[in-house]
file protein_4.txt (compact mmCIF, C-alpha atoms)
# COMPACT_ATOMS: atom_id res chain seq x y z
CA LEU A 1 4.19 -32.11 39.25
CA ALA A 2 1.73 -32.67 42.12
CA LEU A 3 -1.29 -34.86 42.71
CA LEU A 4 -4.39 -32.78 43.42
CA ILE A 5 -6.37 -34.47 46.17
CA ASP A 6 -9.64 -32.66 46.80
CA GLU A 7 -11.77 -35.76 47.20
CA GLY A 8 -11.12 -39.29 48.32
CA ASP A 9 -12.16 -42.06 50.64
CA LEU A 10 -10.02 -44.12 53.03
CA GLN A 11 -11.43 -47.08 54.91
CA LEU A 12 -9.37 -49.02 57.43
CA SER A 13 -10.08 -51.66 60.03
CA LEU A 14 -7.16 -52.06 62.43
CA ARG A 15 -6.60 -54.91 64.87
CA ALA A 16 -3.97 -54.61 67.57
CA VAL A 17 -1.55 -57.50 67.76
CA GLY A 18 1.35 -58.40 70.06
CA ASP A 19 2.23 -55.71 72.59
CA GLY A 20 -0.27 -53.24 71.12
CA SER A 21 2.24 -51.18 69.11
CA THR A 22 1.51 -53.11 65.91
CA TYR A 23 -1.81 -53.01 64.06
CA GLU A 24 -2.96 -55.38 61.34
CA ILE A 25 -4.82 -53.73 58.46
CA GLN A 26 -8.09 -55.45 57.60
CA ASN A 27 -10.44 -54.50 54.78
CA GLY A 28 -8.38 -51.44 53.87
CA GLN A 29 -9.44 -49.43 50.81
CA LEU A 30 -8.25 -46.14 49.34
CA THR A 31 -10.24 -44.46 46.57
CA LEU A 32 -9.20 -41.34 44.67
CA PRO A 33 -10.34 -40.05 41.26
CA GLY A 34 -8.55 -42.39 38.83
CA LEU A 35 -7.23 -44.76 41.49
CA HIS A 36 -8.52 -47.53 43.76
CA SER A 37 -6.34 -49.61 46.10
CA LYS A 38 -7.04 -52.55 48.38
CA LEU A 39 -4.69 -52.37 51.34
CA SER A 40 -3.28 -55.16 53.46
CA GLY A 41 -0.35 -55.50 55.86
CA ASP A 42 0.39 -53.76 59.13
CA LEU A 43 1.59 -50.56 60.71
CA ARG A 44 3.73 -50.16 63.78
CA LEU A 45 4.21 -47.21 66.11
CA GLU A 46 7.86 -46.62 66.96
CA ASP A 47 9.14 -43.67 69.03
CA GLY A 48 6.52 -41.26 67.72
CA TRP A 49 6.60 -42.28 64.07
CA VAL A 50 4.65 -44.76 61.95
CA ASN A 51 6.30 -47.71 60.23
CA LEU A 52 4.21 -49.11 57.36
CA ASN A 53 4.51 -52.53 55.83
CA VAL A 54 1.65 -52.40 53.33
CA VAL A 55 0.71 -54.06 50.05
CA ALA A 56 -1.66 -52.06 47.81
CA ALA A 57 -3.41 -53.92 44.98
CA THR A 58 -4.12 -50.91 42.76
CA ARG A 59 -6.27 -50.16 39.72
CA TYR A 60 -5.58 -46.88 37.93
CA ASP A 61 -6.88 -44.72 35.08
CA LEU A 62 -4.00 -42.65 33.70
CA ALA A 63 -6.17 -40.26 31.68
CA MET A 64 -7.98 -39.17 34.84
CA LEU A 65 -4.82 -39.09 36.94
CA SER A 66 -3.03 -36.98 34.31
CA LYS A 67 -5.66 -34.27 34.60
CA ARG A 68 -5.05 -34.12 38.35
CA MET A 69 -1.26 -34.36 38.28
CA PHE A 70 -0.14 -32.17 35.36
CA ASP A 71 -0.75 -28.52 34.55
CA PRO A 72 -3.10 -28.33 31.52
CA LEU A 73 -0.64 -25.89 29.89
CA SER A 74 2.20 -28.44 30.11
CA GLY A 75 0.77 -30.49 27.25
CA LEU A 76 1.66 -33.70 29.10
CA SER A 77 -0.93 -36.46 29.29
CA PHE A 78 -1.09 -40.25 29.54
CA SER A 79 -3.82 -42.65 28.50
CA GLY A 80 -4.60 -46.21 29.47
CA SER A 81 -5.62 -48.12 32.56
CA GLY A 82 -4.19 -51.08 34.40
CA GLU A 83 -3.45 -52.63 37.74
CA ASP A 84 -0.40 -53.61 39.75
CA VAL A 85 0.68 -54.35 43.29
CA PHE A 86 2.57 -51.57 45.08
CA LYS A 87 4.58 -52.14 48.23
CA LEU A 88 4.87 -49.35 50.82
CA SER A 89 7.44 -49.44 53.62
CA GLY A 90 8.52 -47.00 56.31
CA ASP A 91 7.19 -43.69 57.61
CA PRO A 92 4.83 -41.94 55.15
CA ALA A 93 5.68 -38.61 56.80
CA ALA A 94 9.06 -38.86 55.07
CA PHE A 95 7.49 -38.83 51.59
CA GLY A 96 8.74 -35.78 49.69
CA VAL A 97 11.13 -34.80 52.48
CA ALA A 98 14.77 -34.39 51.49
CA PRO A 99 17.40 -36.12 53.62
CA ALA A 100 20.19 -34.20 55.32
CA VAL A 101 22.96 -32.63 53.24
CA ASN A 102 26.60 -31.88 54.05
CA ALA A 103 28.40 -28.53 53.87
CA SER A 104 28.80 -28.94 50.08
CA GLY A 105 25.09 -29.40 49.59
CA ASN A 106 25.39 -33.09 48.71
CA ARG A 107 23.04 -35.62 50.20
CA VAL A 108 24.27 -37.53 53.20
CA ALA A 109 24.10 -41.23 52.39
CA ALA A 110 21.40 -42.84 54.53
CA SER A 111 18.76 -45.51 54.22
CA PRO A 112 15.46 -44.05 52.97
CA ARG A 113 12.77 -43.65 55.61
CA PHE A 114 9.91 -44.31 53.19
CA THR A 115 9.82 -46.43 50.01
CA VAL A 116 7.23 -47.36 47.40
CA ALA A 117 7.76 -49.93 44.63
CA GLY A 118 5.51 -50.97 41.77
CA ALA A 119 4.96 -50.68 38.02
CA VAL A 120 2.82 -48.64 35.63
CA ALA A 121 1.78 -49.39 32.04
CA TRP A 122 0.26 -46.96 29.54
CA GLU A 123 -1.36 -47.10 26.13
CA GLY A 124 -0.11 -43.73 24.92
CA ALA A 125 1.32 -40.36 25.97
CA GLU A 126 1.54 -36.87 24.47
CA PHE A 127 3.96 -34.05 25.22
CA GLN A 128 4.73 -30.98 23.10
CA GLY A 129 4.86 -32.64 19.69
CA LEU A 130 5.99 -36.03 21.00
CA SER A 131 3.65 -39.04 20.80
CA ALA A 132 4.60 -42.17 22.73
CA GLY A 133 3.20 -45.62 22.05
CA PRO A 134 2.37 -48.34 24.58
CA GLY A 135 4.95 -49.01 27.26
CA SER A 136 5.57 -49.76 30.90
CA MET A 137 8.10 -49.05 33.63
CA THR A 138 8.90 -49.99 37.16
CA LEU A 139 8.75 -47.16 39.70
CA GLU A 140 10.52 -46.69 43.00
CA ILE A 141 10.02 -43.87 45.50
CA LEU A 142 12.78 -43.25 48.04
CA ASP A 143 11.66 -40.40 50.32
CA ASP A 144 11.81 -37.47 47.86
CA LEU A 145 13.21 -39.31 44.81
CA VAL A 146 11.12 -41.02 42.14
CA ARG A 147 13.13 -43.43 39.97
CA SER A 148 12.16 -45.45 36.93
CA GLY A 149 13.49 -48.71 35.64
CA PRO A 150 14.45 -48.90 31.94
CA VAL A 151 11.68 -47.48 29.75
CA GLU A 152 11.23 -48.88 26.24
CA CYS A 153 8.53 -47.55 23.94
CA THR A 154 8.08 -45.78 20.62
CA ILE A 155 8.21 -41.99 20.31
CA ASN A 156 7.02 -40.51 17.03
CA GLY A 157 7.56 -43.91 15.45
CA GLY A 158 11.15 -44.21 16.73
CA ASP A 159 12.53 -46.55 19.38
CA ALA A 160 13.17 -44.93 22.77
CA ASN A 161 15.26 -46.30 25.63
CA LEU A 162 15.17 -44.06 28.70
CA LEU A 163 16.07 -44.02 32.36
CA TRP A 164 14.98 -41.14 34.59
CA GLN A 165 14.86 -39.81 38.14
CA TYR A 166 12.79 -36.98 39.62
CA ASP A 167 13.76 -35.04 42.75
CA ILE A 168 10.46 -33.93 44.30
CA THR A 169 11.87 -31.38 46.73
CA ARG A 170 14.11 -29.60 44.20
CA GLY A 171 12.02 -30.04 41.06
CA LEU A 172 14.86 -31.70 39.13
CA LEU A 173 14.30 -34.27 36.38
CA ALA A 174 17.42 -36.18 35.32
CA LEU A 175 17.82 -38.53 32.35
CA GLY A 176 20.36 -41.31 32.63
CA SER A 177 23.48 -41.13 30.46
CA GLY A 178 22.91 -43.24 27.35
CA SER A 179 19.17 -42.53 27.20
CA ARG A 180 18.31 -42.31 23.53
CA VAL A 181 15.67 -42.28 20.81
CA GLU A 182 16.38 -43.71 17.37
CA ASN A 183 14.74 -42.91 14.02
CA LEU A 184 12.21 -40.47 15.41
CA GLN A 185 9.94 -39.20 12.64
CA LEU A 186 9.97 -35.43 12.12
CA THR A 187 6.75 -33.42 12.11
CA GLU A 188 5.94 -29.73 11.92
CA GLU A 189 4.93 -29.71 15.60
CA PHE A 190 8.18 -31.42 16.63
CA CYS A 191 10.19 -28.82 14.71
CA ARG A 192 8.27 -25.97 16.39
CA SER A 193 8.59 -27.40 19.91
CA TRP A 194 12.03 -29.03 19.84
CA LEU A 195 14.19 -29.00 16.71
CA GLY A 196 13.70 -25.26 16.25
CA TYR A 197 16.00 -24.73 19.24
CA VAL A 198 18.77 -26.50 17.31
CA SER A 199 17.92 -25.32 13.80
CA PRO A 200 15.63 -22.24 13.73
CA LEU A 201 15.48 -22.61 9.94
CA LEU A 202 13.06 -25.47 10.62
CA ALA A 203 11.05 -23.84 13.42
CA THR A 204 8.34 -22.58 11.08
CA ALA A 205 8.93 -25.05 8.24
CA VAL A 206 6.07 -26.88 6.56
CA ASP A 207 5.84 -30.19 4.69
CA VAL A 208 8.46 -31.62 7.04
CA GLN A 209 9.79 -35.10 6.34
CA GLY A 210 12.67 -37.15 7.67
CA HIS A 211 14.08 -38.89 10.75
CA LEU A 212 16.58 -38.17 13.49
CA SER A 213 18.14 -39.87 16.49
CA ALA A 214 19.34 -38.36 19.76
CA ARG A 215 21.55 -39.63 22.55
CA VAL A 216 21.86 -38.07 26.01
CA GLU A 217 25.21 -37.72 27.75
CA GLN A 218 23.88 -35.54 30.58
CA CYS A 219 20.48 -33.98 31.24
CA VAL A 220 19.19 -32.27 34.38
CA TRP A 221 16.02 -30.22 33.89
CA ASP A 222 15.14 -27.69 36.61
CA PHE A 223 11.38 -27.09 36.56
CA TRP A 224 11.71 -24.20 39.02
CA ALA A 225 14.53 -22.31 37.25
CA VAL A 226 15.03 -23.26 33.59
CA GLU A 227 18.17 -21.12 33.42
CA ASN A 228 19.80 -23.77 35.61
CA CYS A 229 19.01 -26.63 33.21
CA VAL A 230 22.05 -28.49 31.88
CA ALA A 231 22.18 -30.99 29.01
CA ARG A 232 24.75 -32.46 26.64
CA GLY A 233 24.23 -34.94 23.85
CA GLN A 234 24.32 -35.68 20.15
CA VAL A 235 21.68 -35.29 17.48
CA THR A 236 21.98 -37.39 14.33
CA ILE A 237 19.92 -36.26 11.36
CA HIS A 238 19.51 -39.20 9.02
CA GLN A 239 17.95 -36.93 6.42
CA ALA A 240 15.27 -34.29 6.55
CA SER A 241 13.52 -31.97 4.14
CA ALA A 242 10.98 -29.18 4.48
CA ALA A 243 9.61 -26.11 2.77
CA PRO A 244 10.87 -22.84 4.32
CA GLY A 245 8.33 -21.10 6.55
CA GLY A 246 7.26 -17.49 6.25
CA SER A 247 9.67 -16.36 8.98
CA LEU A 248 12.62 -16.90 6.60
CA THR A 249 11.23 -14.73 3.81
CA THR A 250 13.51 -11.77 4.56
CA LEU A 251 16.65 -13.88 4.72
CA LEU A 252 15.82 -15.76 1.52
CA GLU A 253 15.04 -12.57 -0.37
CA ILE A 254 18.41 -11.08 0.63
CA VAL A 255 20.25 -14.15 -0.62
CA ASP A 256 18.18 -14.22 -3.83
CA LEU A 257 19.34 -10.70 -4.68
CA VAL A 258 22.98 -11.78 -4.46
CA ARG A 259 22.50 -15.05 -6.29
CA SER A 260 20.57 -13.43 -9.13
CA ARG A 261 23.71 -11.42 -9.98
CA GLY A 262 25.37 -14.73 -10.78
CA GLY A 263 22.58 -15.72 -13.14
CA ASP A 264 20.82 -18.15 -10.78
CA VAL A 265 17.39 -16.56 -10.56
CA ALA A 266 15.24 -19.39 -9.20
CA PRO A 267 13.80 -18.16 -5.86
CA TRP A 268 14.97 -20.02 -2.77
CA ALA A 269 11.57 -19.67 -1.15
CA ALA A 270 10.19 -22.05 -3.76
CA ARG A 271 12.79 -24.71 -2.98
CA SER A 272 13.00 -27.30 -0.22
CA LEU A 273 15.42 -27.16 2.67
CA VAL A 274 17.39 -30.40 2.95
CA LEU A 275 19.40 -31.45 6.00
CA PRO A 276 21.95 -34.07 4.89
CA GLN A 277 23.12 -36.97 7.04
CA GLN A 278 25.13 -35.52 9.93
CA THR A 279 25.78 -35.78 13.66
CA ILE A 280 26.22 -32.63 15.70
CA PRO A 281 26.92 -32.10 19.40
CA VAL A 282 24.27 -30.06 21.23
CA ARG A 283 24.65 -28.39 24.62
CA LEU A 284 22.18 -26.64 26.93
CA GLU A 285 23.49 -24.38 29.68
CA ARG A 286 22.53 -21.02 31.21
CA GLY A 287 19.32 -21.00 29.22
CA TRP A 288 20.93 -21.36 25.77
CA VAL A 289 20.96 -24.31 23.35
CA SER A 290 24.19 -24.21 21.34
CA HIS A 291 25.47 -26.09 18.28
CA GLU A 292 28.21 -25.79 15.65
CA ASN A 293 28.30 -26.36 11.90
CA LEU A 294 24.78 -27.61 11.25
CA ALA A 295 24.53 -28.01 7.47
CA VAL A 296 21.44 -27.20 5.41
CA GLU A 297 21.37 -27.67 1.62
CA LEU A 298 19.23 -25.70 -0.78
CA ALA A 299 19.29 -26.29 -4.55
CA GLY A 300 22.94 -27.31 -4.51
CA TYR A 301 23.98 -24.56 -2.08
CA ARG A 302 25.04 -25.44 1.47
CA LEU A 303 24.45 -23.15 4.46
CA THR A 304 25.97 -23.84 7.86
CA SER A 305 24.85 -22.41 11.18
CA SER A 306 26.63 -22.03 14.51
CA GLY A 307 25.65 -20.32 17.72
CA ALA A 308 22.89 -20.55 20.28
CA VAL A 309 19.13 -20.31 20.69
CA GLY A 310 17.73 -19.21 24.04
CA LEU A 311 14.97 -21.02 25.89
CA ASN A 312 13.35 -17.57 25.73
CA ARG A 313 13.41 -18.11 21.92
CA GLN A 314 16.06 -15.42 21.28
CA LEU A 315 18.68 -16.03 18.57
CA GLN A 316 22.44 -15.57 18.70
CA LEU A 317 23.42 -17.34 15.47
CA THR A 318 25.77 -16.94 12.54
CA LEU A 319 24.83 -18.38 9.14
CA ASN A 320 27.48 -18.99 6.50
CA VAL A 321 25.54 -18.24 3.32
CA PRO A 322 27.03 -19.58 0.05
CA LEU A 323 27.49 -17.32 -2.96
CA GLU A 324 28.36 -20.21 -5.26
CA LYS A 325 27.27 -23.81 -5.59
CA GLN A 326 29.45 -26.41 -3.93
CA ALA A 327 31.00 -27.49 -7.22
CA ALA A 328 32.06 -23.90 -7.93
CA GLY A 329 34.30 -23.51 -4.90
CA GLY A 330 31.90 -22.76 -2.07
CA ARG A 331 32.56 -19.07 -1.34
CA ALA A 332 30.40 -18.05 1.64
CA VAL A 333 29.55 -14.91 3.57
CA PRO A 334 28.66 -14.92 7.28
CA VAL A 335 25.41 -13.25 8.28
CA ALA A 336 24.38 -12.61 11.87
CA LEU A 337 20.90 -13.81 12.78
CA ARG A 338 19.17 -12.21 15.75
CA GLY A 339 15.54 -11.76 16.76
CA THR A 340 13.45 -14.77 17.78
CA ILE A 341 12.74 -18.25 16.48
CA THR A 342 9.49 -17.14 14.85
CA SER A 343 10.79 -13.72 13.79
CA PRO A 344 14.49 -13.96 12.87
CA GLN A 345 16.26 -10.69 12.03
CA PRO A 346 19.20 -11.13 9.63
CA ASP A 347 21.87 -8.43 9.55
CA ALA A 348 21.13 -7.37 5.98
CA ALA A 349 23.51 -4.39 5.97
CA GLY A 350 26.42 -6.42 7.32
CA PHE A 351 25.68 -9.22 4.87
CA LEU A 352 25.66 -6.95 1.80
CA GLN A 353 28.79 -5.17 3.03
CA ALA A 354 30.58 -8.52 3.35
CA VAL A 355 29.45 -9.52 -0.16
CA GLY A 356 30.74 -6.25 -1.57
CA SER A 357 34.06 -6.71 0.23
CA GLN A 358 34.47 -10.21 -1.20
CA GLN A 359 33.70 -9.00 -4.71
CA LEU A 360 36.23 -6.16 -4.37
CA GLN A 361 38.88 -8.54 -3.04
CA LYS A 362 38.26 -10.90 -5.96
CA LYS A 363 38.57 -8.04 -8.44
CA LEU A 364 41.82 -6.83 -6.84
CA GLN A 365 43.20 -10.36 -6.76
CA ASN A 366 42.44 -10.79 -10.48
CA GLU A 367 44.34 -7.57 -11.21
CA VAL A 368 47.30 -8.70 -9.07
CA ASP A 369 47.32 -12.11 -10.79
CA LYS A 370 47.34 -10.40 -14.20
CA ALA A 371 50.27 -8.14 -13.21
CA VAL A 372 52.27 -11.12 -11.89
CA ASN A 373 51.63 -13.09 -15.08
CA ASP A 374 52.76 -10.15 -17.21
CA ARG A 375 56.04 -9.94 -15.28
CA LEU A 376 56.63 -13.69 -15.56
CA LYS A 377 56.11 -13.55 -19.31
CA LYS A 378 58.69 -10.76 -19.61
CA LEU A 379 61.21 -12.70 -17.52
CA LEU A 380 60.72 -15.71 -19.75
CA GLY A 381 61.22 -13.55 -22.82
CA ARG A 382 57.76 -14.19 -24.21
CA GLU A 383 57.10 -10.49 -24.68
call {"tool": "encode", "arguments": {"input": "protein_4.txt", "output": "structure tokens"}}
result
Amino acid sequence: LALLIDEGDLQLSLRAVGDGSTYEIQNGQLTLPGLHSKLSGDLRLEDGWVNLNVVAATRYDLAMLSKRMFDPLSGLSFSGSGEDVFKLSGDPAAFGVAPAVNASGNRVAASPRFTVAGAVAWEGAEFQGLSAGPGSMTLEILDDLVRSGPVECTINGGDANLLWQYDITRGLLALGSGSRVENLQLTEEFCRSWLGYVSPLLATAVDVQGHLSARVEQCVWDFWAVENCVARGQVTIHQASAAPGGSLTTLLEIVDLVRSRGGDVAPWAARSLVLPQQTIPVRLERGWVSHENLAVELAGYRLTSSGAVGLNRQLQLTLNVPLEKQAAGGRAVPVALRGTITSPQPDAAGFLQAVGSQQLQKKLQNEVDKAVNDRLKKLLGRE
């Protein structure tokens, strides 16, 4: 995140007042692509540094500013234009400069040397499968920290309530605890960009329908080293359905072979995946997004997944694949899932070996049960 300034115009008329260390700003104007400010106030020279006390009546065009602030590959953009009054105080040389830290690396509490306060409104925003509706937020800059006031808007048709802070010098974006989005509508793009890291079964799904909510307990995103990102929260799936994507063909064919032995020959690939109502904890640390016991239903059969998906799109998951419908007792066999989100590699050999082991155990148990029953009958004198 950086504002590219390769053209601009600054006009200032300064009039010395008092002892000559203070200058009144007259007819001040700052023009950048996407931004125009009328400046008023004063600046004062104090012991080799500049102390501003400036009001900037600002008009802005967010579509133009987005092109100059965000990497085109980030997928982040804002639209809309507006105006607001920003107040600037202190030494502008302190902007983006971190304050002192103690031996533990924590910031030493001190009054900020430079502050900016104002508000921004937008008509819409896009980011990696997320579409935000109109909204606004107050902004505050304290040296190298950018903080927002409460943000309320719609995201993919759901209601979002967010609070965030960005550390310019360390590239850290933090969401406030309790930030949440409710009843977000699922789309194929959202599943590819976001939900696929929780449930890879949906990463390549099509005909996606449904809603989910998410609540943040902790979130610190490191733009310079994603392996240092940390997040904890809960995802509530109100209900979702989709058609399995092509990446699951191998897994579904393996399961079909087993199920067909039980007389259920309808192919899974022709059925819809259904995620029932559920809330699952989700954690991000050391570059891996982990979850436990995410349930997916398919034609009366329930799969559950546990494990982790890497931000590098690698899989370290275990699927519990049912061999019987829920009403029949719910026998399941674990199958390891490796590979990547778009190219999962199920452990077919291990899966079939586990199925064979279960069938052998069932056969042996039936023989043991028969032998026990025979002995009981003899003891009771029935034979």
call {"tool": "atom_distance", "arguments": {"input": "protein_4.txt", "atom1": "atom CA of Trp49 of chain A", "atom2": "atom CA of Arg147 of chain A"}}
result
25.0 Å
call {"tool": "atom_distance", "arguments": {"input": "protein_4.txt", "atom1": "atom CA of Ser193 of chain A", "atom2": "atom CA of Gly34 of chain A"}}
result
29.6 Å
call {"tool": "residues_around", "arguments": {"input": "protein_4.txt", "residues": "Val55 of chain A", "least_positions_apart": "6", "cutoff": "10 Å", "atoms": "only C-alpha atoms", "output": "list in words"}}
result
Ser37, Lys38, Leu39, Ser40, Gly41, Asp42, Val85, Phe86, Lys87, Leu88, Ser89, Val116 and Ala117 of chain A
call {"tool": "residues_around", "arguments": {"input": "protein_4.txt", "residues": "Arg215 of chain A", "least_positions_apart": "4", "cutoff": "12 Å", "atoms": "all atoms listed in the file", "output": "mmCIF file with C-alpha atoms, in the frame of the given file"}}
result
data_model
loop_
_atom_site.group_PDB
_atom_site.id
_atom_site.type_symbol
_atom_site.label_atom_id
_atom_site.label_comp_id
_atom_site.auth_asym_id
_atom_site.auth_seq_id
_atom_site.Cartn_x
_atom_site.Cartn_y
_atom_site.Cartn_z
ATOM 1 C CA ASP A 159 12.530 -46.550 19.380
ATOM 2 C CA ALA A 160 13.170 -44.930 22.770
ATOM 3 C CA ASN A 161 15.260 -46.300 25.630
ATOM 4 C CA LEU A 162 15.170 -44.060 28.700
ATOM 5 C CA LEU A 175 17.820 -38.530 32.350
ATOM 6 C CA GLY A 176 20.360 -41.310 32.630
ATOM 7 C CA SER A 177 23.480 -41.130 30.460
ATOM 8 C CA GLY A 178 22.910 -43.240 27.350
ATOM 9 C CA SER A 179 19.170 -42.530 27.200
ATOM 10 C CA ARG A 180 18.310 -42.310 23.530
ATOM 11 C CA VAL A 181 15.670 -42.280 20.810
ATOM 12 C CA GLU A 182 16.380 -43.710 17.370
ATOM 13 C CA ASN A 183 14.740 -42.910 14.020
ATOM 14 C CA LEU A 184 12.210 -40.470 15.410
ATOM 15 C CA CYS A 219 20.480 -33.980 31.240
ATOM 16 C CA ALA A 231 22.180 -30.990 29.010
ATOM 17 C CA ARG A 232 24.750 -32.460 26.640
ATOM 18 C CA GLY A 233 24.230 -34.940 23.850
ATOM 19 C CA GLN A 234 24.320 -35.680 20.150
ATOM 20 C CA VAL A 235 21.680 -35.290 17.480
ATOM 21 C CA THR A 236 21.980 -37.390 14.330
ATOM 22 C CA ILE A 237 19.920 -36.260 11.360
ATOM 23 C CA THR A 279 25.780 -35.780 13.660
ATOM 24 C CA ILE A 280 26.220 -32.630 15.700
ATOM 25 C CA PRO A 281 26.920 -32.100 19.400
ATOM 26 C CA VAL A 282 24.270 -30.060 21.230
ATOM 27 C CA ARG A 283 24.650 -28.390 24.620
#
call {"tool": "atom_distance", "arguments": {"input": "protein_4.txt", "atom1": "atom CA of Gly350 of chain A", "atom2": "atom CA of Leu337 of chain A"}}
result
10.7 Å
